[in-house]
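See below for the structure under consideration.
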Amino acid sequence: MKKMLPWLITILLSITLIVLAIFLLSDKLLGDNGKSQASANAAALSKLSADEIVKMTSEITGIKTNLADPEFVAQMAFAFQLNDKKAKEEFDKIKEIKIKPIIIKTLADTKPELLNDSKGREQFIAKLQNLINKSLTSGHLIQIEMTEVMIVGI
């Protein structure tokens, strides 16, 4: 047993170091992947003409709901740019029955302070984009813009 103890300690130490290295490097690897996805979306947006953007953009207007704080009501409108015309057609078919409820649920979980500044709105849009992309069967959202925002305390 005394001869195996140094070997066991060496093996446990090496496994611990490997796990620690993977944990520390995973953030960097995943962070770069997110940045490359964002830069790919930005490149795709910059190459489109105005007519192409209009053909691939759908709007949802007149969303009124309470926020997480029941004393605040939000009235909003959104423009959703999809990656192609087929995805836009699918989006238009399901926007009233699937997309609008996702937006309302997300707003119901959102505090009014989050929507007061641009950084908070970017976080809200990113969360919304992830949720909506999960419900699309073909294509994906490239960009979401808030076209109208009004938050009123009751």
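Chain labels A, B, ... are given in the sequence in which chains occur in the structure tokens; within each chain residues are numbered consecutively from 1, and ligands are likewise numbered from 1 in the order shown.
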Compile the contact shell of range 57-64 of chain A as an mmCIF file with N, CA and C atoms, in the first residue's frame: residues with an atom at most 10 Å away, counting only C-alpha atoms, same-chain residues fewer than 3 positions apart removed.
data_model
loop_
_atom_site.group_PDB
_atom_site.id
_atom_site.type_symbol
_atom_site.label_atom_id
_atom_site.label_comp_id
_atom_site.auth_asym_id
_atom_site.auth_seq_id
_atom_site.Cartn_x
_atom_site.Cartn_y
_atom_site.Cartn_z
ATOM 1 N N GLU A 52 -34.394 43.788 -49.685
ATOM 2 C CA GLU A 52 -34.223 42.451 -49.112
ATOM 3 C C GLU A 52 -34.559 42.443 -47.628
ATOM 4 N N ILE A 53 -34.166 43.501 -46.932
ATOM 5 C CA ILE A 53 -34.465 43.600 -45.500
ATOM 6 C C ILE A 53 -35.978 43.639 -45.280
ATOM 7 N N VAL A 54 -36.686 44.408 -46.101
ATOM 8 C CA VAL A 54 -38.137 44.509 -45.978
ATOM 9 C C VAL A 54 -38.795 43.161 -46.262
ATOM 10 N N LEU A 67 -45.627 44.109 -16.485
ATOM 11 C CA LEU A 67 -44.266 43.619 -16.295
ATOM 12 C C LEU A 67 -44.202 42.833 -14.987
ATOM 13 N N VAL A 73 -46.969 48.850 -16.690
ATOM 14 C CA VAL A 73 -47.521 48.278 -17.908
ATOM 15 C C VAL A 73 -46.614 48.678 -19.059
ATOM 16 N N ALA A 74 -46.360 47.724 -19.961
ATOM 17 C CA ALA A 74 -45.528 47.996 -21.129
ATOM 18 C C ALA A 74 -46.371 47.881 -22.390
ATOM 19 N N GLN A 75 -46.146 48.826 -23.307
ATOM 20 C CA GLN A 75 -46.745 48.761 -24.639
ATOM 21 C C GLN A 75 -45.588 48.776 -25.616
ATOM 22 N N MET A 76 -45.507 47.741 -26.468
ATOM 23 C CA MET A 76 -44.342 47.592 -27.318
ATOM 24 C C MET A 76 -44.723 47.125 -28.709
ATOM 25 N N ALA A 77 -43.781 47.352 -29.623
ATOM 26 C CA ALA A 77 -43.870 46.829 -30.984
ATOM 27 C C ALA A 77 -42.472 46.361 -31.368
ATOM 28 N N PHE A 78 -42.416 45.289 -32.152
ATOM 29 C CA PHE A 78 -41.138 44.686 -32.525
ATOM 30 C C PHE A 78 -41.062 44.466 -34.023
ATOM 31 N N ALA A 79 -39.837 44.509 -34.547
ATOM 32 C CA ALA A 79 -39.547 44.123 -35.929
ATOM 33 C C ALA A 79 -38.570 42.956 -35.862
ATOM 34 N N PHE A 80 -38.909 41.870 -36.535
ATOM 35 C CA PHE A 80 -38.113 40.651 -36.520
ATOM 36 C C PHE A 80 -37.548 40.403 -37.910
ATOM 37 N N GLN A 81 -36.224 40.373 -38.009
ATOM 38 C CA GLN A 81 -35.587 40.074 -39.298
ATOM 39 C C GLN A 81 -35.124 38.627 -39.282
ATOM 40 N N LEU A 82 -35.596 37.871 -40.276
ATOM 41 C CA LEU A 82 -35.251 36.459 -40.366
ATOM 42 C C LEU A 82 -34.209 36.247 -41.453
ATOM 43 N N ASN A 83 -33.650 35.046 -41.529
ATOM 44 C CA ASN A 83 -32.530 34.812 -42.437
ATOM 45 C C ASN A 83 -32.950 34.614 -43.894
ATOM 46 N N ASP A 84 -34.186 34.198 -44.156
ATOM 47 C CA ASP A 84 -34.630 34.070 -45.547
ATOM 48 C C ASP A 84 -36.145 34.232 -45.637
ATOM 49 N N LYS A 85 -36.659 34.239 -46.885
ATOM 50 C CA LYS A 85 -38.086 34.477 -47.107
ATOM 51 C C LYS A 85 -38.941 33.324 -46.590
ATOM 52 N N ALA A 87 -38.348 31.413 -44.016
ATOM 53 C CA ALA A 87 -38.441 31.562 -42.567
ATOM 54 C C ALA A 87 -39.423 32.668 -42.203
ATOM 55 N N LYS A 88 -39.452 33.746 -42.991
ATOM 56 C CA LYS A 88 -40.391 34.841 -42.732
ATOM 57 C C LYS A 88 -41.829 34.377 -42.927
ATOM 58 N N GLU A 89 -42.064 33.581 -43.974
ATOM 59 C CA GLU A 89 -43.415 33.074 -44.217
ATOM 60 C C GLU A 89 -43.883 32.195 -43.055
ATOM 61 N N PHE A 91 -42.730 32.342 -39.980
ATOM 62 C CA PHE A 91 -42.868 33.243 -38.833
ATOM 63 C C PHE A 91 -44.216 33.948 -38.876
ATOM 64 N N ASP A 92 -44.619 34.446 -40.061
ATOM 65 C CA ASP A 92 -45.892 35.150 -40.184
ATOM 66 C C ASP A 92 -47.083 34.247 -39.865
ATOM 67 N N LYS A 95 -46.889 33.801 -35.793
ATOM 68 C CA LYS A 95 -46.568 34.917 -34.898
ATOM 69 C C LYS A 95 -47.680 35.244 -33.909
ATOM 70 N N GLU A 96 -48.933 35.071 -34.269
ATOM 71 C CA GLU A 96 -50.026 35.373 -33.343
ATOM 72 C C GLU A 96 -50.251 34.265 -32.329
ATOM 73 N N ILE A 99 -45.451 33.239 -31.215
ATOM 74 C CA ILE A 99 -44.443 34.272 -30.945
ATOM 75 C C ILE A 99 -44.972 35.312 -29.960
ATOM 76 N N LYS A 100 -46.180 35.794 -30.172
ATOM 77 C CA LYS A 100 -46.744 36.811 -29.288
ATOM 78 C C LYS A 100 -46.844 36.309 -27.840
ATOM 79 N N PRO A 101 -47.308 35.072 -27.598
ATOM 80 C CA PRO A 101 -47.306 34.578 -26.213
ATOM 81 C C PRO A 101 -45.909 34.480 -25.598
ATOM 82 N N ILE A 103 -43.435 36.505 -26.233
ATOM 83 C CA ILE A 103 -43.079 37.886 -25.896
ATOM 84 C C ILE A 103 -43.785 38.304 -24.607
ATOM 85 N N ILE A 104 -45.063 37.985 -24.500
ATOM 86 C CA ILE A 104 -45.835 38.374 -23.311
ATOM 87 C C ILE A 104 -45.297 37.687 -22.060
ATOM 88 N N LEU A 107 -41.995 39.335 -21.132
ATOM 89 C CA LEU A 107 -42.239 40.644 -20.519
ATOM 90 C C LEU A 107 -42.766 40.493 -19.101
ATOM 91 N N LEU A 141 -33.984 33.687 -36.489
ATOM 92 C CA LEU A 141 -33.986 35.144 -36.354
ATOM 93 C C LEU A 141 -32.567 35.674 -36.436
ATOM 94 N N ILE A 142 -32.383 36.707 -37.201
ATOM 95 C CA ILE A 142 -31.081 37.364 -37.275
ATOM 96 C C ILE A 142 -31.042 38.534 -36.302
ATOM 97 N N GLN A 143 -32.164 39.269 -36.249
ATOM 98 C CA GLN A 143 -32.166 40.492 -35.451
ATOM 99 C C GLN A 143 -33.577 40.821 -34.991
ATOM 100 N N ILE A 144 -33.667 41.364 -33.796
ATOM 101 C CA ILE A 144 -34.937 41.884 -33.266
ATOM 102 C C ILE A 144 -34.712 43.348 -32.911
ATOM 103 N N GLU A 145 -35.637 44.189 -33.331
ATOM 104 C CA GLU A 145 -35.586 45.606 -32.978
ATOM 105 C C GLU A 145 -36.878 45.993 -32.286
ATOM 106 N N MET A 146 -36.762 46.786 -31.230
ATOM 107 C CA MET A 146 -37.936 47.359 -30.583
ATOM 108 C C MET A 146 -38.279 48.626 -31.357
ATOM 109 N N THR A 147 -39.455 48.646 -31.983
ATOM 110 C CA THR A 147 -39.830 49.820 -32.770
ATOM 111 C C THR A 147 -40.641 50.811 -31.949
ATOM 112 N N GLU A 148 -41.319 50.327 -30.917
ATOM 113 C CA GLU A 148 -42.045 51.206 -29.998
ATOM 114 C C GLU A 148 -41.884 50.664 -28.581
ATOM 115 N N VAL A 149 -41.620 51.555 -27.646
ATOM 116 C CA VAL A 149 -41.515 51.158 -26.242
ATOM 117 C C VAL A 149 -42.144 52.242 -25.384
ATOM 118 N N MET A 150 -43.116 51.827 -24.576
ATOM 119 C CA MET A 150 -43.695 52.745 -23.611
ATOM 120 C C MET A 150 -43.948 51.953 -22.330
ATOM 121 N N ILE A 151 -43.333 52.394 -21.258
ATOM 122 C CA ILE A 151 -43.510 51.750 -19.961
ATOM 123 C C ILE A 151 -44.129 52.784 -19.027
#
Quick one: DSSP alpha helix (DSSP H) residues in chain A, as a ChimeraX atom specification? /A:5-46,50-55,85-94,100-108,118-135
Could you find all residues in chain A that DSSP calls strand (DSSP E) from the backbone, and write them as an MDAnalysis selection string? chainID A and resid 57:66 72:82 141:153
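Of the residues listed (A:Thr137, A:Asn66, A:Lys86, A:Val152), A:Asn66 shows the shortest atom-to-atom separation from Thr106 in chain A; distances use only C-alpha atoms.
One distance worth recording is that between CA of Thr110 in chain A and CA of Ala68 in chain A, which is 5.2 Å.
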